[in-house]
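Student: Have a look at the structure that comes next, please.
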Amino acid sequence: MWNHYYSVSSIDEVLQLLSEFGPSARIIAGATDLMLEMERGVRKGIKTLIDVTRVAGLDQIVMDEDMVIHLGPTVTHNQCVGSKLIVEHAFPLAQAAWEVGAPQIRNRGTIAGNLITASPANDTITPLIALQAVVTLRSLRGERRIPLANFYTGVRRTVIQPDEMLVSISIPALPIDRRGMFIKVGLRRAQAISVVNAAIVLDLDLGKAMNVVIALGAVAPTIVRASEAESFLNGKTLEENTILEAARLAVNSVHPIDDIRGSADYRLEMVRVSVMRGLRSLSAGNEKIDFPAEPVLLEQPEAQSHPPVLNASYAFHWNETDQACDEPIITCVNGKEMKFKSGHHKSLLRLLREDGGLIGTKEGCAEGECGACTVILDGKAVMSCLVPAVRAHLAEIVSVEGLASEGKLHPVQQAFVDTGAVQCGYCTPGFLMSAFVLLEEKSNPSQDQVKQAITGNLCRCTGYYKIVEAIEKAAHMV
């Protein structure tokens, strides 16, 4: 799918490579969108991937002395979910990040990548516009700061140039009297693309709404503001009649699309309902009531600080005809070093199965929906179908074959056998891996946390009751 793969150790190297390769190069961190687009032929002409996941310091979330929060370009959705700073001072972003995909996707997908992909249905764009975020773009030509609201020029189109890298996302921290929340309407409870989403941010001054911002996503080519509703609300107490009128006025701001996920009429009604529910929650002060106090991230405890970084960059090159590459991928799989002299152009899933002979990891959908391909990469559960194989170089991987030890099943495996949680068995490796990481992250998970952990795993035999029972049983066996 690509001819050159660079894993770099500095931003300067990224900028040099972007300048050299131009539009044929793409920066990757999570690559959860790009892998699919390249596989499907949607993104053509991309020959060079520049992996920035091991550049030191790019995964930081910090607040400066001016009360501005800065997100590095490799900050993932799960990092935002688990960040006390984001939850306390940019809560709509934490809510939106929690709604993205599944834990395995949130462990790879980055906020910066979500912004650059530029779909109006992407969940984090709406709250960041409502929070008045600013992005910083850098190239060899210099640096520029652009309000996120001015970053988009249409569906999947932005002002970023081929030689530029998004190096920072800046968000003014919400002061104590300014509140906000994110509301999403999808067709299912998890792994759903927004039919409509909304972010509301406002001050409450003696019960009166001031400086109101209402941003609406998935209803137009770019995120739109409900300016008429914003003006109406300013200076008014959030009483029920006021909320209902503001919700009605918000509908006037959009001319929504018709598509397979929802008709225009349905979207209009969901705009009204979303704004109404959001204003009611903010008025009552219960906007955080459904956000988990201890969200499941599917990370091993030692992985929750920062990913391993590189002392020096590395590069792989191969020709387009036979995909031959002189440099092997050297990785640690289930505690043993493995060298792969082939498979550099594949996904990690196909590398493990086809070149490594580790067929326990399954391919169910090949697009990050089913979770059958879940493995542990550098301490975090990921969908291996969406990870470039070369990312395995100098990494540590655990697949389902690595759970048993000295001929004895892992407690999770034994609990699945004891409770009859295995049916056709195809989805089982993914469930086992999610459960394995969950029990390392949370020694005594609640049933709700068990359900959170397996939102990225689909069982087409509808065997969830036994699976939940098995994971709860395993928690007492570990």
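Please note that chains go A, B, ... in the order of the structure tokens, that every chain numbers its residues from 1, and that ligands are numbered from 1 in the order shown.
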Fewer than 4 positions away in the same chain doesn't count, so skip those; otherwise give me all residues within 10 Å of A:Pro172, counting only C-alpha atoms, as a ChimeraX atom specification.
Tutor: /A:63-64,66-70,89-90,131-134
Student: Mind writing the picked residues with C-alpha atoms as a PDB file, in the first residue's frame?
Tutor:
ATOM      1  CA  MET A  63      -2.056  23.909  30.884  1.00  0.00           C
ATOM      2  CA  ASP A  64       0.052  27.066  30.800  1.00  0.00           C
ATOM      3  CA  ASP A  66      -2.554  31.774  30.963  1.00  0.00           C
ATOM      4  CA  MET A  67      -5.036  28.942  31.615  1.00  0.00           C
ATOM      5  CA  VAL A  68      -4.716  27.612  28.079  1.00  0.00           C
ATOM      6  CA  ILE A  69      -4.660  23.838  27.610  1.00  0.00           C
ATOM      7  CA  HIS A  70      -2.290  22.478  24.969  1.00  0.00           C
ATOM      8  CA  HIS A  89     -11.496  22.317  32.282  1.00  0.00           C
ATOM      9  CA  ALA A  90     -12.655  21.115  28.829  1.00  0.00           C
ATOM     10  CA  LEU A 131     -14.429  25.684  23.170  1.00  0.00           C
ATOM     11  CA  GLN A 132     -12.790  28.161  20.731  1.00  0.00           C
ATOM     12  CA  ALA A 133      -9.799  25.934  20.047  1.00  0.00           C
ATOM     13  CA  VAL A 134      -6.856  27.124  17.953  1.00  0.00           C
TER      14      VAL A 134
END
Student: Near A:Val219, within 8 Å and counting only C-alpha atoms, which residues show up once chain neighbours fewer than 5 positions away are dropped, as a list in words?
Tutor: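 That gives Pro120, Ala121, Val195, Val196, Val254, His255, Pro256, Ile257 and Arg267 of chain A.
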Student: Could you take the residues named above and write them with N, CA and C atoms, as a short mmCIF file (atom, residue, chain, number, x, y, z; two decimals), in the first residue's frame?
Tutor:
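Saved result, part_33.cif, follows:
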data_model
loop_
_atom_site.label_atom_id
_atom_site.label_comp_id
_atom_site.auth_asym_id
_atom_site.auth_seq_id
_atom_site.Cartn_x
_atom_site.Cartn_y
_atom_site.Cartn_z
N PRO A 120 -17.61 16.25 9.00
CA PRO A 120 -18.46 17.01 9.92
C PRO A 120 -19.12 16.13 10.97
N ALA A 121 -19.07 14.79 10.77
CA ALA A 121 -19.62 13.87 11.77
C ALA A 121 -18.59 13.46 12.81
N VAL A 195 -25.29 10.87 13.89
CA VAL A 195 -26.34 11.35 13.01
C VAL A 195 -26.47 12.86 13.21
N VAL A 196 -26.38 13.27 14.46
CA VAL A 196 -26.34 14.67 14.87
C VAL A 196 -25.48 14.72 16.12
N VAL A 254 -29.83 25.17 10.56
CA VAL A 254 -29.30 24.07 9.77
C VAL A 254 -30.20 23.73 8.58
N HIS A 255 -29.56 23.25 7.54
CA HIS A 255 -30.25 22.70 6.38
C HIS A 255 -29.64 21.32 6.14
N PRO A 256 -30.08 20.35 6.92
CA PRO A 256 -29.36 19.07 6.99
C PRO A 256 -29.49 18.21 5.75
N ILE A 257 -28.55 17.26 5.67
CA ILE A 257 -28.52 16.33 4.55
C ILE A 257 -29.46 15.15 4.81
N ARG A 267 -32.99 14.60 11.30
CA ARG A 267 -31.88 15.40 11.82
C ARG A 267 -32.38 16.72 12.43
#
Student: Tell me, as a ChimeraX atom specification, which residues lie within 7 Å of stretch 138-154 of chain A, counting only C-alpha atoms; anything in the same chain fewer than 3 positions away does not count.
Tutor: /A:15,129,133-135,157-159,163-167,221-222
Student: From a DSSP pass on the backbone, collect the residues of stretch 3-117 of chain A flagged as helix (DSSP H, G or I) and hand them back as a ChimeraX atom specification.
Tutor: /A:11-24,34-39,77-81,84-89,91-99,103-106,111-117
Student: Atom CA of A:Leu34 and atom CA of A:Val387, how far apart in Å?
Tutor: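 According to the coordinates, atom CA of A:Val387 and atom CA of A:Leu34 are separated by 10.0 Å.
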Student: Can you list, as a PDB file with N, CA and C atoms, in the first residue's frame, every protein, DNA or RNA residue that comes within 8 Å of A:His393 when you count only C-alpha atoms, leaving out same-chain residues fewer than 6 positions away?
Tutor:
ATOM      1  N   ILE A 329      11.583  -6.424  10.005  1.00  0.00           N
ATOM      2  CA  ILE A 329      10.844  -5.905  11.158  1.00  0.00           C
ATOM      3  C   ILE A 329      11.223  -6.774  12.351  1.00  0.00           C
ATOM      4  N   ILE A 330      11.800  -6.161  13.358  1.00  0.00           N
ATOM      5  CA  ILE A 330      12.220  -6.894  14.557  1.00  0.00           C
ATOM      6  C   ILE A 330      11.288  -6.503  15.696  1.00  0.00           C
ATOM      7  N   THR A 331      10.632  -7.460  16.268  1.00  0.00           N
ATOM      8  CA  THR A 331       9.638  -7.162  17.296  1.00  0.00           C
ATOM      9  C   THR A 331       9.626  -8.257  18.350  1.00  0.00           C
TER      10      THR A 331
END
Student: Figure out the distance between atom CA of A:Arg277 and atom CA of A:Glu239, please, to one decimal in Å.
Tutor: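 Atom CA of A:Arg277 lies 12.7 Å from atom CA of A:Glu239.
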Student: Grab the atom CA of A:Lys339 to atom CA of A:Ala56 distance for me, in Å with one decimal place.
Tutor: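 Going from atom CA of A:Lys339 over to atom CA of A:Ala56, I get 25.7 Å.
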Student: Which is closest to A:Asp33 among A:Arg108, A:Lys466, A:Lys473, A:His344, if we use only C-alpha atoms?
Tutor: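 Closest to A:Asp33, using only C-alpha atoms: A:Arg108.
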Student: Based on the backbone DSSP call, show me all residues of stretch 105-306 of chain A assigned strand (DSSP E), as an NGL selection string.
Tutor: :A and (134-139 or 142-147 or 152-154 or 157-158 or 165-172 or 178-185 or 196-205 or 208-217 or 224-225)
Student: What's the 12 Å shell around stretch 16-26 of chain A, counting only C-alpha atoms, without same-chain residues fewer than 5 positions away, as a VMD selection string?
Tutor: chain A and resid 2 to 8 10 to 11 31 33 to 35 38 43 to 52 113 116 to 117 138 to 141 160 to 166 315
Student: Can you spit out the residues from that selection as a tab-separated table (two decimals), in the first residue's frame, using C-alpha atoms?
Tutor:
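What follows is the written file selection-v3.tsv:
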chain	number	residue	atom	x	y	z
A	2	TRP	CA	2.98	2.31	0.56
A	3	ASN	CA	6.65	2.38	-0.52
A	4	HIS	CA	8.37	4.28	2.28
A	5	TYR	CA	7.79	4.15	6.02
A	6	TYR	CA	9.64	6.46	8.38
A	7	SER	CA	9.41	6.34	12.15
A	8	VAL	CA	10.93	9.60	13.28
A	10	SER	CA	11.75	14.72	16.01
A	11	ILE	CA	9.39	17.24	14.44
A	31	ALA	CA	-3.85	5.72	11.17
A	33	ASP	CA	-8.88	6.34	9.11
A	34	LEU	CA	-5.97	6.33	6.67
A	35	MET	CA	-5.47	2.55	6.74
A	38	MET	CA	-5.85	3.34	1.47
A	43	ARG	CA	-6.71	7.81	-0.82
A	44	LYS	CA	-4.58	7.42	-3.91
A	45	GLY	CA	-1.02	8.47	-4.61
A	46	ILE	CA	0.24	8.10	-1.03
A	47	LYS	CA	3.69	6.52	-1.15
A	48	THR	CA	5.25	7.67	2.13
A	49	LEU	CA	4.05	7.28	5.70
A	50	ILE	CA	5.68	9.28	8.49
A	51	ASP	CA	5.02	7.71	11.90
A	52	VAL	CA	5.22	10.27	14.74
A	113	GLY	CA	-6.13	13.08	13.32
A	116	ILE	CA	-7.54	16.69	10.04
A	117	THR	CA	-9.82	13.97	8.64
A	138	ARG	CA	4.28	24.26	11.26
A	139	SER	CA	6.42	23.81	8.16
A	140	LEU	CA	9.94	24.71	7.10
A	141	ARG	CA	8.40	28.00	5.96
A	160	ILE	CA	-3.53	22.68	5.92
A	161	GLN	CA	-0.84	22.52	3.22
A	162	PRO	CA	1.03	19.34	2.16
A	163	ASP	CA	4.24	20.48	3.87
A	164	GLU	CA	2.56	21.44	7.17
A	165	MET	CA	2.20	19.50	10.39
A	166	LEU	CA	-0.41	20.19	13.07
A	315	ALA	CA	13.13	3.91	7.73
Student: Between A:Leu297, A:Ile214, A:Val201, A:Thr53, which residue has the minimum interatomic distance to A:Cys80, considering only C-alpha atoms?
Tutor: A:Leu297
Student: Got a sec: who's within 8 Å of A:Glu440, counting only C-alpha atoms, leaving out chain neighbours fewer than 3 positions off, as JSON, numbers by chain?
Tutor: {"A": [299, 300, 301, 436, 437, 443]}
Student: Could the residues in this selection be saved with C-alpha atoms as a compact mmCIF listing (two decimals), in the first residue's frame?
Tutor:
# COMPACT_ATOMS: atom_id res chain seq x y z
CA GLU A 299 -4.37 -0.11 28.99
CA GLN A 300 -1.95 -2.03 31.14
CA PRO A 301 -0.95 0.12 34.15
CA PHE A 436 -7.21 -9.76 29.80
CA VAL A 437 -6.27 -6.06 29.62
CA SER A 443 -8.59 -5.77 39.39
Student: Using only C-alpha atoms, find the one residue out of A:Leu349, A:Glu406, A:Leu438, A:Thr361 that sits nearest to A:Ala389.
Tutor: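 Of the candidates, the smallest distance to A:Ala389 is held by A:Leu349.
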Student: Near A:Ala130, counting only C-alpha atoms, which residues have an atom at most 9 Å away, once you skip same-chain residues fewer than 6 positions from it, shown as a tab-separated table (two decimals) with N, CA and C atoms, in the first residue's frame?
Tutor:
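The resulting selection30.tsv:
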chain	number	residue	atom	x	y	z
A	92	PRO	N	-16.59	19.12	27.55
A	92	PRO	CA	-17.21	18.65	26.30
A	92	PRO	C	-16.27	17.81	25.44
A	149	ALA	N	-12.42	27.09	13.93
A	149	ALA	CA	-13.60	27.44	13.15
A	149	ALA	C	-13.25	27.88	11.73
A	180	GLY	N	-20.06	23.41	30.04
A	180	GLY	CA	-20.37	22.93	28.70
A	180	GLY	C	-20.59	21.44	28.68
A	199	ALA	N	-22.54	20.65	20.76
A	199	ALA	CA	-21.76	21.08	21.92
A	199	ALA	C	-22.27	22.44	22.35
A	200	ILE	N	-22.53	22.57	23.64
A	200	ILE	CA	-23.05	23.82	24.20
A	200	ILE	C	-22.10	24.27	25.29
A	201	VAL	N	-21.68	25.52	25.23
A	201	VAL	CA	-20.81	26.12	26.25
A	201	VAL	C	-21.41	27.47	26.62
A	213	VAL	N	-22.49	29.56	23.37
A	213	VAL	CA	-22.02	28.98	22.10
A	213	VAL	C	-22.73	27.65	21.90
A	214	ILE	N	-23.38	27.49	20.75
A	214	ILE	CA	-24.03	26.22	20.39
A	214	ILE	C	-23.49	25.81	19.03
A	215	ALA	N	-22.71	24.73	19.00
A	215	ALA	CA	-22.15	24.22	17.75
A	215	ALA	C	-22.83	22.90	17.40
A	225	ARG	N	-22.83	27.02	13.67
A	225	ARG	CA	-23.24	27.64	14.93
A	225	ARG	C	-24.72	27.99	14.86
Student: Considering only C-alpha atoms, can you say which of A:Ala366, A:Ala324, A:Leu351, A:Ala372 comes closest to A:Arg391?
Tutor: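 Smallest separation from A:Arg391 among the options: A:Leu351.
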Student: A:Glu369, A:Glu287, A:Glu396, A:Glu294: which is nearest A:Val81, counting only C-alpha atoms?
Tutor: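 Closest candidate: A:Glu294.
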